[in-house]
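Asker: As input, take run.pdb (PDB, C-alpha atoms and all ligand atoms):
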```
ATOM      1  CA  MET A   1      31.781 -52.410 -11.440
ATOM      2  CA  GLN A   2      33.320 -51.315 -14.747
ATOM      3  CA  VAL A   3      31.112 -48.982 -16.829
ATOM      4  CA  ARG A   4      30.857 -50.213 -20.428
ATOM      5  CA  LYS A   5      27.650 -48.697 -21.775
ATOM      6  CA  VAL A   6      26.898 -45.118 -22.714
ATOM      7  CA  VAL A   7      23.358 -43.979 -23.444
ATOM      8  CA  ILE A   8      23.253 -41.205 -26.065
ATOM      9  CA  PRO A   9      19.753 -39.720 -26.581
ATOM     10  CA  VAL A  10      19.414 -38.457 -30.165
ATOM     11  CA  ALA A  11      15.645 -38.716 -30.718
ATOM     12  CA  GLY A  12      14.649 -35.047 -30.311
ATOM     13  CA  TRP A  13      13.136 -32.914 -33.083
ATOM     14  CA  GLY A  14      15.800 -30.203 -32.987
ATOM     15  CA  THR A  15      13.269 -27.394 -33.358
ATOM     16  CA  ARG A  16      15.825 -24.684 -32.499
ATOM     17  CA  SER A  17      17.778 -25.685 -35.593
ATOM     18  CA  LEU A  18      14.912 -25.696 -38.111
ATOM     19  CA  PRO A  19      14.754 -25.562 -41.078
ATOM     20  CA  ALA A  20      18.238 -27.199 -41.227
ATOM     21  CA  THR A  21      16.848 -30.111 -39.195
ATOM     22  CA  LYS A  22      13.627 -30.667 -41.154
ATOM     23  CA  ASN A  23      15.026 -33.870 -42.638
ATOM     24  CA  LEU A  24      18.610 -33.884 -41.363
ATOM     25  CA  PRO A  25      19.174 -34.749 -37.696
ATOM     26  CA  LYS A  26      20.850 -32.010 -35.661
ATOM     27  CA  GLU A  27      23.352 -34.625 -34.436
ATOM     28  CA  ILE A  28      24.447 -35.259 -38.050
ATOM     29  CA  LEU A  29      25.098 -31.589 -38.845
ATOM     30  CA  PRO A  30      28.793 -31.368 -39.719
ATOM     31  CA  VAL A  31      31.178 -29.693 -37.338
ATOM     32  CA  PHE A  32      34.144 -29.037 -39.610
ATOM     33  CA  ARG A  33      34.891 -32.456 -41.195
ATOM     34  CA  LYS A  34      32.716 -34.750 -39.047
ATOM     35  CA  PRO A  35      29.079 -35.051 -37.981
ATOM     36  CA  ALA A  36      28.611 -33.657 -34.468
ATOM     37  CA  ILE A  37      27.667 -37.067 -33.072
ATOM     38  CA  GLN A  38      31.017 -38.560 -34.130
ATOM     39  CA  TYR A  39      32.855 -36.300 -31.668
ATOM     40  CA  ILE A  40      30.622 -37.593 -28.874
ATOM     41  CA  VAL A  41      31.121 -41.252 -29.753
ATOM     42  CA  GLU A  42      34.886 -40.647 -30.058
ATOM     43  CA  GLU A  43      34.912 -39.070 -26.579
ATOM     44  CA  ALA A  44      33.106 -42.141 -25.210
ATOM     45  CA  ILE A  45      35.508 -44.586 -26.852
ATOM     46  CA  ALA A  46      38.583 -42.570 -25.782
ATOM     47  CA  SER A  47      37.222 -42.786 -22.216
ATOM     48  CA  GLY A  48      37.029 -46.599 -22.269
ATOM     49  CA  LEU A  49      33.299 -47.023 -22.984
ATOM     50  CA  SER A  50      32.607 -49.697 -25.594
ATOM     51  CA  ASP A  51      28.831 -50.074 -26.042
ATOM     52  CA  VAL A  52      26.935 -47.111 -27.467
ATOM     53  CA  VAL A  53      23.177 -47.180 -26.832
ATOM     54  CA  PHE A  54      21.515 -44.639 -29.109
ATOM     55  CA  VAL A  55      17.985 -43.675 -28.056
ATOM     56  CA  ASN A  56      16.593 -42.771 -31.452
ATOM     57  CA  GLN A  57      13.415 -42.390 -33.496
ATOM     58  CA  GLN A  58      12.152 -43.558 -36.890
ATOM     59  CA  ASN A  59      13.133 -40.452 -38.870
ATOM     60  CA  LYS A  60      16.761 -40.212 -37.753
ATOM     61  CA  ARG A  61      18.185 -43.641 -38.618
ATOM     62  CA  ILE A  62      21.020 -41.987 -40.529
ATOM     63  CA  ILE A  63      22.668 -41.531 -37.097
ATOM     64  CA  GLU A  64      23.248 -45.236 -36.458
ATOM     65  CA  ASP A  65      24.052 -45.756 -40.148
ATOM     66  CA  HIS A  66      27.006 -43.405 -39.775
ATOM     67  CA  PHE A  67      28.593 -45.982 -37.436
ATOM     68  CA  ASP A  68      28.024 -48.890 -39.836
ATOM     69  CA  HIS A  69      29.801 -49.948 -43.038
ATOM     70  CA  ASN A  70      28.817 -48.317 -46.321
ATOM     71  CA  LEU A  71      29.951 -51.189 -48.524
ATOM     72  CA  SER A  72      29.349 -49.493 -51.904
ATOM     73  CA  LEU A  73      31.397 -46.485 -50.837
ATOM     74  CA  GLU A  74      34.149 -48.703 -49.437
ATOM     75  CA  GLN A  75      34.319 -50.687 -52.710
ATOM     76  CA  TYR A  76      34.540 -47.451 -54.674
ATOM     77  CA  LEU A  77      37.337 -46.069 -52.480
ATOM     78  CA  GLU A  78      39.205 -49.380 -52.777
ATOM     79  CA  ARG A  79      38.843 -49.493 -56.570
ATOM     80  CA  THR A  80      40.066 -45.935 -56.984
ATOM     81  CA  GLY A  81      43.006 -46.366 -54.607
ATOM     82  CA  LYS A  82      41.807 -43.783 -52.061
ATOM     83  CA  THR A  83      43.353 -45.748 -49.246
ATOM     84  CA  ALA A  84      43.488 -43.067 -46.535
ATOM     85  CA  LEU A  85      39.798 -42.232 -46.988
ATOM     86  CA  LEU A  86      38.926 -45.946 -47.039
ATOM     87  CA  GLU A  87      40.694 -46.441 -43.720
ATOM     88  CA  GLU A  88      38.921 -43.413 -42.271
ATOM     89  CA  VAL A  89      35.396 -44.572 -43.207
ATOM     90  CA  ARG A  90      36.142 -48.106 -41.997
ATOM     91  CA  ARG A  91      37.465 -46.752 -38.685
ATOM     92  CA  VAL A  92      34.168 -44.923 -38.106
ATOM     93  CA  ALA A  93      32.166 -48.082 -38.891
ATOM     94  CA  GLU A  94      34.177 -50.140 -36.430
ATOM     95  CA  MET A  95      34.719 -47.723 -33.544
ATOM     96  CA  ALA A  96      31.781 -48.783 -31.372
ATOM     97  CA  ASN A  97      29.400 -51.599 -30.622
ATOM     98  CA  VAL A  98      26.109 -49.863 -31.450
ATOM     99  CA  ILE A  99      22.767 -50.741 -29.856
ATOM    100  CA  VAL A 100      19.623 -48.810 -30.809
ATOM    101  CA  VAL A 101      16.478 -48.384 -28.752
ATOM    102  CA  ARG A 102      13.482 -46.368 -29.841
ATOM    103  CA  GLN A 103      11.828 -43.445 -28.147
ATOM    104  CA  LYS A 104       8.462 -43.642 -29.860
ATOM    105  CA  GLU A 105       7.211 -40.275 -28.659
ATOM    106  CA  GLN A 106       9.468 -37.314 -27.956
ATOM    107  CA  ARG A 107       8.726 -36.768 -24.282
ATOM    108  CA  GLY A 108      11.980 -35.213 -23.117
ATOM    109  CA  LEU A 109      15.520 -36.133 -22.114
ATOM    110  CA  GLY A 110      14.459 -37.966 -18.942
ATOM    111  CA  HIS A 111      11.986 -40.077 -20.893
ATOM    112  CA  ALA A 112      14.674 -40.822 -23.521
ATOM    113  CA  VAL A 113      17.061 -42.127 -20.831
ATOM    114  CA  ALA A 114      14.248 -44.259 -19.354
ATOM    115  CA  CYS A 115      13.802 -45.892 -22.792
ATOM    116  CA  ALA A 116      17.250 -47.518 -22.349
ATOM    117  CA  ARG A 117      16.262 -49.315 -19.145
ATOM    118  CA  GLU A 118      15.910 -52.812 -20.656
ATOM    119  CA  VAL A 119      19.357 -52.569 -22.257
ATOM    120  CA  ILE A 120      21.071 -51.199 -19.150
ATOM    121  CA  LYS A 121      19.540 -53.768 -16.763
ATOM    122  CA  ASP A 122      21.446 -53.576 -13.446
ATOM    123  CA  GLU A 123      24.730 -52.010 -14.545
ATOM    124  CA  PRO A 124      26.024 -48.481 -13.952
ATOM    125  CA  PHE A 125      26.095 -46.494 -17.199
ATOM    126  CA  ALA A 126      27.200 -43.219 -18.724
ATOM    127  CA  VAL A 127      24.876 -40.702 -20.413
ATOM    128  CA  MET A 128      26.138 -38.224 -22.993
ATOM    129  CA  VAL A 129      23.672 -35.746 -24.476
ATOM    130  CA  GLY A 130      23.689 -36.089 -28.269
ATOM    131  CA  ASP A 131      24.172 -32.411 -29.100
ATOM    132  CA  ASP A 132      26.631 -31.337 -26.403
ATOM    133  CA  LEU A 133      30.270 -31.291 -27.559
ATOM    134  CA  MET A 134      33.067 -30.918 -25.017
ATOM    135  CA  PHE A 135      36.809 -30.724 -25.469
ATOM    136  CA  HIS A 136      39.555 -30.999 -22.906
ATOM    137  CA  ARG A 137      42.762 -33.045 -22.830
ATOM    138  CA  ASP A 138      41.033 -35.258 -20.235
ATOM    139  CA  PRO A 139      37.616 -35.941 -21.862
ATOM    140  CA  GLY A 140      34.597 -34.877 -19.765
ATOM    141  CA  ILE A 141      33.047 -38.320 -19.462
ATOM    142  CA  HIS A 142      36.444 -39.778 -18.503
ATOM    143  CA  GLN A 143      36.708 -37.318 -15.592
ATOM    144  CA  LEU A 144      33.273 -38.475 -14.380
ATOM    145  CA  LEU A 145      34.127 -42.167 -14.757
ATOM    146  CA  ASP A 146      37.238 -41.658 -12.592
ATOM    147  CA  VAL A 147      35.117 -40.167  -9.798
ATOM    148  CA  PHE A 148      32.457 -42.869 -10.163
ATOM    149  CA  HIS A 149      35.030 -45.650  -9.854
ATOM    150  CA  ASN A 150      36.391 -44.110  -6.635
ATOM    151  CA  GLU A 151      33.112 -43.083  -5.004
ATOM    152  CA  HIS A 152      30.551 -45.599  -6.393
ATOM    153  CA  MET A 153      27.898 -42.856  -6.565
ATOM    154  CA  PRO A 154      26.001 -41.265  -9.461
ATOM    155  CA  VAL A 155      27.906 -38.227 -10.698
ATOM    156  CA  VAL A 156      27.087 -35.354 -13.064
ATOM    157  CA  GLY A 157      29.300 -32.908 -14.931
ATOM    158  CA  VAL A 158      28.868 -29.210 -14.100
ATOM    159  CA  MET A 159      30.313 -26.037 -15.561
ATOM    160  CA  GLU A 160      30.247 -22.476 -14.286
ATOM    161  CA  VAL A 161      27.975 -20.367 -16.501
ATOM    162  CA  PRO A 162      27.556 -16.569 -16.589
ATOM    163  CA  ARG A 163      24.801 -15.130 -14.368
ATOM    164  CA  ASP A 164      22.598 -14.234 -17.355
ATOM    165  CA  LYS A 165      22.598 -17.893 -18.522
ATOM    166  CA  VAL A 166      21.673 -19.703 -15.272
ATOM    167  CA  SER A 167      17.971 -19.616 -16.160
ATOM    168  CA  ARG A 168      18.629 -21.971 -19.116
ATOM    169  CA  TYR A 169      20.074 -24.834 -17.046
ATOM    170  CA  GLY A 170      19.605 -27.214 -14.145
ATOM    171  CA  ILE A 171      21.622 -25.514 -11.378
ATOM    172  CA  ILE A 172      23.070 -27.330  -8.374
ATOM    173  CA  ASP A 173      23.041 -26.422  -4.701
ATOM    174  CA  ALA A 174      26.158 -28.179  -3.444
ATOM    175  CA  GLU A 175      29.046 -28.376  -1.016
ATOM    176  CA  GLU A 176      32.595 -28.638  -2.411
ATOM    177  CA  TYR A 177      34.274 -31.502  -0.504
ATOM    178  CA  ALA A 178      37.493 -31.599  -2.535
ATOM    179  CA  PRO A 179      38.749 -29.260  -5.271
ATOM    180  CA  GLY A 180      36.223 -29.418  -8.134
ATOM    181  CA  LEU A 181      34.168 -32.185  -6.445
ATOM    182  CA  TYR A 182      30.743 -31.518  -4.949
ATOM    183  CA  ARG A 183      28.121 -33.275  -2.842
ATOM    184  CA  ILE A 184      24.782 -32.131  -4.288
ATOM    185  CA  ARG A 185      22.080 -31.053  -1.836
ATOM    186  CA  GLY A 186      19.532 -30.028  -4.464
ATOM    187  CA  VAL A 187      18.958 -29.328  -8.138
ATOM    188  CA  LEU A 188      16.813 -26.509  -9.531
ATOM    189  CA  GLU A 189      15.562 -26.589 -13.117
ATOM    190  CA  LYS A 190      16.032 -23.218 -14.862
ATOM    191  CA  PRO A 191      15.994 -20.942 -11.757
ATOM    192  CA  SER A 192      16.079 -17.154 -12.109
ATOM    193  CA  ALA A 193      19.508 -15.594 -11.560
ATOM    194  CA  ASP A 194      18.278 -14.127  -8.257
ATOM    195  CA  THR A 195      17.083 -17.424  -6.762
ATOM    196  CA  ALA A 196      19.831 -19.686  -8.176
ATOM    197  CA  PRO A 197      21.910 -21.291  -5.390
ATOM    198  CA  SER A 198      25.069 -21.215  -7.577
ATOM    199  CA  ARG A 199      26.239 -20.694 -11.147
ATOM    200  CA  LEU A 200      27.128 -24.383 -11.520
ATOM    201  CA  ALA A 201      25.055 -25.754 -14.392
ATOM    202  CA  ILE A 202      24.540 -29.432 -15.163
ATOM    203  CA  VAL A 203      25.929 -30.102 -18.641
ATOM    204  CA  GLY A 204      25.454 -33.141 -20.885
ATOM    205  CA  ARG A 205      27.691 -35.699 -19.138
ATOM    206  CA  TYR A 206      26.534 -38.127 -16.422
ATOM    207  CA  VAL A 207      27.497 -41.472 -14.876
ATOM    208  CA  LEU A 208      24.400 -43.024 -13.328
ATOM    209  CA  THR A 209      23.256 -46.201 -11.655
ATOM    210  CA  PRO A 210      19.980 -48.042 -12.324
ATOM    211  CA  GLU A 211      18.475 -46.368  -9.217
ATOM    212  CA  VAL A 212      17.790 -43.365 -11.497
ATOM    213  CA  PHE A 213      15.105 -45.357 -13.338
ATOM    214  CA  SER A 214      12.715 -45.451 -10.365
ATOM    215  CA  HIS A 215      13.113 -41.672 -10.009
ATOM    216  CA  LEU A 216      12.352 -41.251 -13.719
ATOM    217  CA  GLU A 217       9.263 -43.425 -13.389
ATOM    218  CA  ALA A 218       8.049 -41.296 -10.474
ATOM    219  CA  ALA A 219       8.730 -37.979 -12.261
ATOM    220  CA  SER A 220       5.732 -36.013 -13.520
ATOM    221  CA  PRO A 221       5.754 -34.284 -16.910
ATOM    222  CA  ASP A 222       6.591 -30.574 -16.850
ATOM    223  CA  ALA A 223       4.393 -27.799 -18.318
ATOM    224  CA  SER A 224       5.385 -28.806 -21.869
ATOM    225  CA  GLY A 225       4.644 -32.485 -21.209
ATOM    226  CA  GLU A 226       8.322 -33.529 -20.977
ATOM    227  CA  ILE A 227       9.951 -35.759 -18.374
ATOM    228  CA  GLN A 228      13.089 -33.929 -17.279
ATOM    229  CA  LEU A 229      16.232 -35.817 -16.299
ATOM    230  CA  THR A 230      16.838 -32.989 -13.803
ATOM    231  CA  ASP A 231      13.793 -34.094 -11.767
ATOM    232  CA  ALA A 232      15.217 -37.593 -11.360
ATOM    233  CA  LEU A 233      18.599 -36.114 -10.405
ATOM    234  CA  ALA A 234      16.856 -33.940  -7.805
ATOM    235  CA  GLY A 235      15.386 -37.182  -6.369
ATOM    236  CA  LEU A 236      18.885 -38.714  -6.107
ATOM    237  CA  ALA A 237      20.176 -35.512  -4.485
ATOM    238  CA  ARG A 238      17.408 -35.649  -1.844
ATOM    239  CA  GLN A 239      18.736 -39.077  -0.866
ATOM    240  CA  ASN A 240      22.333 -37.738  -0.754
ATOM    241  CA  ARG A 241      23.151 -39.940  -3.703
ATOM    242  CA  LEU A 242      24.563 -37.446  -6.201
ATOM    243  CA  LEU A 243      27.996 -35.955  -6.775
ATOM    244  CA  ALA A 244      29.233 -33.395  -9.295
ATOM    245  CA  VAL A 245      32.555 -32.809 -11.003
ATOM    246  CA  LYS A 246      33.480 -29.397 -12.342
ATOM    247  CA  LEU A 247      34.449 -29.816 -15.984
ATOM    248  CA  TYR A 248      36.781 -27.536 -17.878
ATOM    249  CA  GLY A 249      37.453 -27.001 -21.547
ATOM    250  CA  GLN A 250      35.435 -25.883 -24.531
ATOM    251  CA  ARG A 251      31.750 -26.763 -24.718
ATOM    252  CA  PHE A 252      29.447 -26.319 -27.702
ATOM    253  CA  ASP A 253      25.662 -26.839 -27.729
ATOM    254  CA  ILE A 254      25.023 -27.810 -31.329
ATOM    255  CA  GLY A 255      21.370 -26.705 -31.034
ATOM    256  CA  ASP A 256      22.503 -23.122 -30.464
ATOM    257  CA  TRP A 257      23.546 -21.354 -33.685
ATOM    258  CA  VAL A 258      26.317 -19.283 -32.092
ATOM    259  CA  ASP A 259      27.854 -22.381 -30.478
ATOM    260  CA  TYR A 260      27.380 -24.435 -33.644
ATOM    261  CA  LEU A 261      29.153 -21.886 -35.820
ATOM    262  CA  ALA A 262      31.848 -21.306 -33.179
ATOM    263  CA  ALA A 263      32.498 -25.085 -33.035
ATOM    264  CA  ASN A 264      33.096 -25.171 -36.783
ATOM    265  CA  ILE A 265      35.545 -22.284 -36.608
ATOM    266  CA  TYR A 266      37.272 -23.696 -33.505
ATOM    267  CA  PHE A 267      38.059 -26.972 -35.281
ATOM    268  CA  ALA A 268      38.862 -25.481 -38.652
ATOM    269  CA  LEU A 269      41.373 -23.080 -37.035
ATOM    270  CA  GLN A 270      43.186 -26.082 -35.566
ATOM    271  CA  ASP A 271      43.808 -27.447 -39.050
ATOM    272  CA  ASP A 272      47.234 -26.248 -40.248
ATOM    273  CA  GLU A 273      46.170 -26.241 -43.892
ATOM    274  CA  LEU A 274      43.101 -24.062 -43.291
ATOM    275  CA  HIS A 275      44.242 -21.839 -40.474
ATOM    276  CA  ASP A 276      45.730 -18.907 -42.405
ATOM    277  CA  ASP A 277      43.163 -18.750 -45.211
ATOM    278  CA  LEU A 278      40.228 -19.042 -42.802
ATOM    279  CA  SER A 279      41.644 -16.373 -40.481
ATOM    280  CA  ALA A 280      42.018 -14.023 -43.455
ATOM    281  CA  ARG A 281      38.420 -14.651 -44.569
ATOM    282  CA  LEU A 282      37.116 -14.049 -41.039
ATOM    283  CA  ARG A 283      39.011 -10.756 -40.898
ATOM    284  CA  ASP A 284      37.182  -9.751 -44.126
ATOM    285  CA  PHE A 285      33.832 -10.169 -42.363
ATOM    286  CA  LEU A 286      34.611  -8.742 -38.956
ATOM    287  CA  PRO A 287      35.041  -5.047 -38.219
ATOM    288  CA  PRO A 288      38.575  -4.214 -36.999
ATOM    289  CA  VAL A 289      39.067  -4.399 -33.226
ATOM    290  CA  ARG A 290      39.508  -0.897 -31.796
TER     291      ARG A 290
HETATM  292  P1  LIG B 301      17.530 -30.878 -26.757
HETATM  293  O1  LIG B 301      16.407 -30.339 -26.010
HETATM  294  O2  LIG B 301      18.774 -30.052 -26.875
HETATM  295  O3  LIG B 301      17.145 -31.266 -28.237
HETATM  296  O4  LIG B 301      17.889 -32.301 -26.216
HETATM  297  P2  LIG B 301      15.816 -31.237 -29.057
HETATM  298  O5  LIG B 301      14.614 -31.419 -28.222
HETATM  299  O6  LIG B 301      16.047 -32.180 -30.179
HETATM  300  O7  LIG B 301      15.960 -29.786 -29.692
HETATM  301  P3  LIG B 301      15.194 -28.420 -29.570
HETATM  302  O8  LIG B 301      15.383 -27.974 -28.138
HETATM  303  O9  LIG B 301      13.791 -28.662 -29.994
HETATM  304  O10 LIG B 301      15.955 -27.566 -30.541
HETATM  305  C1  LIG B 301      19.200 -32.782 -25.987
HETATM  306  C2  LIG B 301      19.414 -34.153 -26.657
HETATM  307  O11 LIG B 301      18.410 -35.052 -26.231
HETATM  308  C3  LIG B 301      17.745 -35.653 -27.326
HETATM  309  C4  LIG B 301      17.992 -34.715 -28.510
HETATM  310  O12 LIG B 301      18.021 -35.447 -29.734
HETATM  311  C5  LIG B 301      19.332 -34.071 -28.182
HETATM  312  O13 LIG B 301      20.430 -34.758 -28.748
HETATM  313  N1  LIG B 301      16.313 -35.817 -27.002
HETATM  314  C6  LIG B 301      15.568 -34.732 -26.620
HETATM  315  C7  LIG B 301      15.727 -37.050 -27.089
HETATM  316  O14 LIG B 301      16.390 -38.055 -27.419
HETATM  317  N2  LIG B 301      14.378 -37.177 -26.832
HETATM  318  C8  LIG B 301      13.616 -36.134 -26.456
HETATM  319  O15 LIG B 301      12.396 -36.322 -26.226
HETATM  320  C9  LIG B 301      14.229 -34.866 -26.353
END
```
Rewrite the coordinates I just gave you, this time as structure tokens.
Answerer:
Amino acid sequence: MQVRKVVIPVAGWGTRSLPATKNLPKEILPVFRKPAIQYIVEEAIASGLSDVVFVNQQNKRIIEDHFDHNLSLEQYLERTGKTALLEEVRRVAEMANVIVVRQKEQRGLGHAVACAREVIKDEPFAVMVGDDLMFHRDPGIHQLLDVFHNEHMPVVGVMEVPRDKVSRYGIIDAEEYAPGLYRIRGVLEKPSADTAPSRLAIVGRYVLTPEVFSHLEAASPDASGEIQLTDALAGLARQNRLLAVKLYGQRFDIGDWVDYLAANIYFALQDDELHDDLSARLRDFLPPVR
């Protein structure tokens, strides 16, 4: 069955990014010229997904508005002959079919995905975490969709992380059955480096089937009261119903200041007009390499 829908949870409070995110959603923070969330929606569209299901909350409606027309702005750009900009803002408004569901209480990523159940019904669907940017010539979610269409099994994206970072992620215990493809035996949420079965961390890209919803319903809240998506994935793994694909390329967690700033510089350095001036400014700040 063709996957058309992608669930993008964006309802979190973004506490790591306060005070920037007091009134401005983390997902709207600009990464070079575009809000972070636009890169994610563009990755989904480039991968053949057409329906974007935002799981959102009352205070962050600006996210879905970004993918709608701003008629006053469009009229202004038309009147003043700014045709290229007009085309650009119209392209953003028309790139996706947007559906919004509400997460009325912020009870974690797993709970946010469960909020999309009525929209997903009985179809397979993609999940892309709203603050996780990834770049590779073959987009991350596209690599997962390819595997899903061949294997007809839920599949998650994993990346190798350094030993000192494994305790921040869901880590898989898995057997590699083809290069870069894994059958998952188990998933551990934030294990210590000493007990972790691998350094393969689950990152924010998934293709799932509706069977995940019963696992989410059965999941108990963790110590901070959140329902973790990892727990539901562990349930699928116990039934031998979960695969992983090793993803390559650049990844930026927008909720982490180092990654957020690095993402801005990464994109700005790819712009021919900015490259030389920005490099010179960065050299002003940084001590010379010995
Ligand atoms: P994060 O844990 O990175 O985001 O969730 P957060 O909770 O907003 O931020 P911090 O950790 O307090 O800084 C990953 C994605 O899942 C969404 C967030 O909006 C983010 O895009 N999310 C998280 C929800 O939709 N609902 C939740 O209850 C939690």
Asker: For Lys5 in chain A, which residue among A:Glu64, A:Asp253, A:Asp132, A:Glu123 is the nearest when counting all atoms listed in the file?
Answerer: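 Of A:Glu64, A:Asp253, A:Asp132, A:Glu123, the one nearest Lys5 in chain A is A:Glu123, counting all atoms listed in the file.
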Asker: Counting all atoms listed in the file, name the residues that have an atom within 6 Å of an atom of ligand LIG 301 (chain B); the answer should be given as a VMD selection string.
Answerer: chain A and resid 9 to 17 55 106 to 109 112 129 to 131 255
Asker: Please produce an output containing C-alpha atoms for each residue in the selection, written as a PDB file, keeping the file's coordinate frame.
Answerer:
```pdb
ATOM      1  CA  PRO A   9      19.753 -39.720 -26.581  1.00  0.00           C
ATOM      2  CA  VAL A  10      19.414 -38.457 -30.165  1.00  0.00           C
ATOM      3  CA  ALA A  11      15.645 -38.716 -30.718  1.00  0.00           C
ATOM      4  CA  GLY A  12      14.649 -35.047 -30.311  1.00  0.00           C
ATOM      5  CA  TRP A  13      13.136 -32.914 -33.083  1.00  0.00           C
ATOM      6  CA  GLY A  14      15.800 -30.203 -32.987  1.00  0.00           C
ATOM      7  CA  THR A  15      13.269 -27.394 -33.358  1.00  0.00           C
ATOM      8  CA  ARG A  16      15.825 -24.684 -32.499  1.00  0.00           C
ATOM      9  CA  SER A  17      17.778 -25.685 -35.593  1.00  0.00           C
ATOM     10  CA  VAL A  55      17.985 -43.675 -28.056  1.00  0.00           C
ATOM     11  CA  GLN A 106       9.468 -37.314 -27.956  1.00  0.00           C
ATOM     12  CA  ARG A 107       8.726 -36.768 -24.282  1.00  0.00           C
ATOM     13  CA  GLY A 108      11.980 -35.213 -23.117  1.00  0.00           C
ATOM     14  CA  LEU A 109      15.520 -36.133 -22.114  1.00  0.00           C
ATOM     15  CA  ALA A 112      14.674 -40.822 -23.521  1.00  0.00           C
ATOM     16  CA  VAL A 129      23.672 -35.746 -24.476  1.00  0.00           C
ATOM     17  CA  GLY A 130      23.689 -36.089 -28.269  1.00  0.00           C
ATOM     18  CA  ASP A 131      24.172 -32.411 -29.100  1.00  0.00           C
ATOM     19  CA  GLY A 255      21.370 -26.705 -31.034  1.00  0.00           C
TER      20      GLY A 255
END
```
Asker: As AutoDock Vina command-line options, please: the centre and edge lengths in Å, to one decimal, of an axis-aligned box enclosing every listed atom of range 102-116 of chain A with 3 Å added on each side.
Answerer:
```
--center_x 12.2 --center_y -41.4 --center_z -24.4 --size_x 16.0 --size_y 18.3 --size_z 16.9
```
Asker: Have a look at CA of Arg183 in chain A and CA of Lys246 in chain A and let me know their distance in Å, one decimal.
Answerer: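 Going from CA of Arg183 in chain A over to CA of Lys246 in chain A, I get 11.6 Å.
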Asker: Which residue gives the smallest distance to Val52 in chain A among A:Ala114, A:Val127, A:Val92, A:Val158, with all atoms listed in the file counted?
Answerer: A:Val127
Asker: Tell me which residues the PyMOL selection byres (((chain A and resi 166-177) around 6) and not hetatm) grabs here, as a PyMOL selection string.
Answerer: chain A and resi 163-165+178+181-193+197+200-202
Asker: When you count all atoms listed in the file, which of these residues is closest to Asp259 in chain A: A:Val3, A:Val207, A:Leu133, A:Leu77?
Answerer: A:Leu133
Asker: To one decimal in Å, tell me the separation between CA of Asp271 in chain A and CA of Glu88 in chain A.
Answerer: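 If I compute the distance from CA of Asp271 in chain A to CA of Glu88 in chain A, I get 17.0 Å.
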Asker: Just checking: using all atoms listed in the file, which residue out of A:Pro35, A:Pro210, A:Pro124, A:Gly110 ends up closest to Val6 in chain A?
Answerer: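 Residue with the minimum atom-to-atom distance to Val6 in chain A: A:Pro124.
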Asker: Calculate how many Å separate CA of Met1 in chain A from CA of Gly204 in chain A, rounding to one decimal.
Answerer: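 Calculated distance between CA of Met1 in chain A and CA of Gly204 in chain A is 22.4 Å.
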Asker: Which residues come within 10 Å of range 47-49 of chain A, counting all atoms listed in the file, excluding same-chain residues fewer than 4 positions away, as JSON, numbers by chain?
Answerer: {"A": [2, 3, 4, 5, 6, 41, 42, 43, 96, 97, 125, 126, 138, 139, 140, 141, 142, 143, 144, 145, 146]}
Asker: List the neighbours of Leu282 in chain A out to 12 Å using only C-alpha atoms; skip same-chain residues closer than 5 positions along the sequence, and give me the result as a count of residues only.
Answerer: 10
Asker: Show which residues sit within 10 Å of Leu261 in chain A, as JSON, numbers by chain. Count all atoms listed in the file, and ignore same-chain residues fewer than 5 positions away.
Answerer: {"A": [31, 32, 252, 254, 256, 266]}
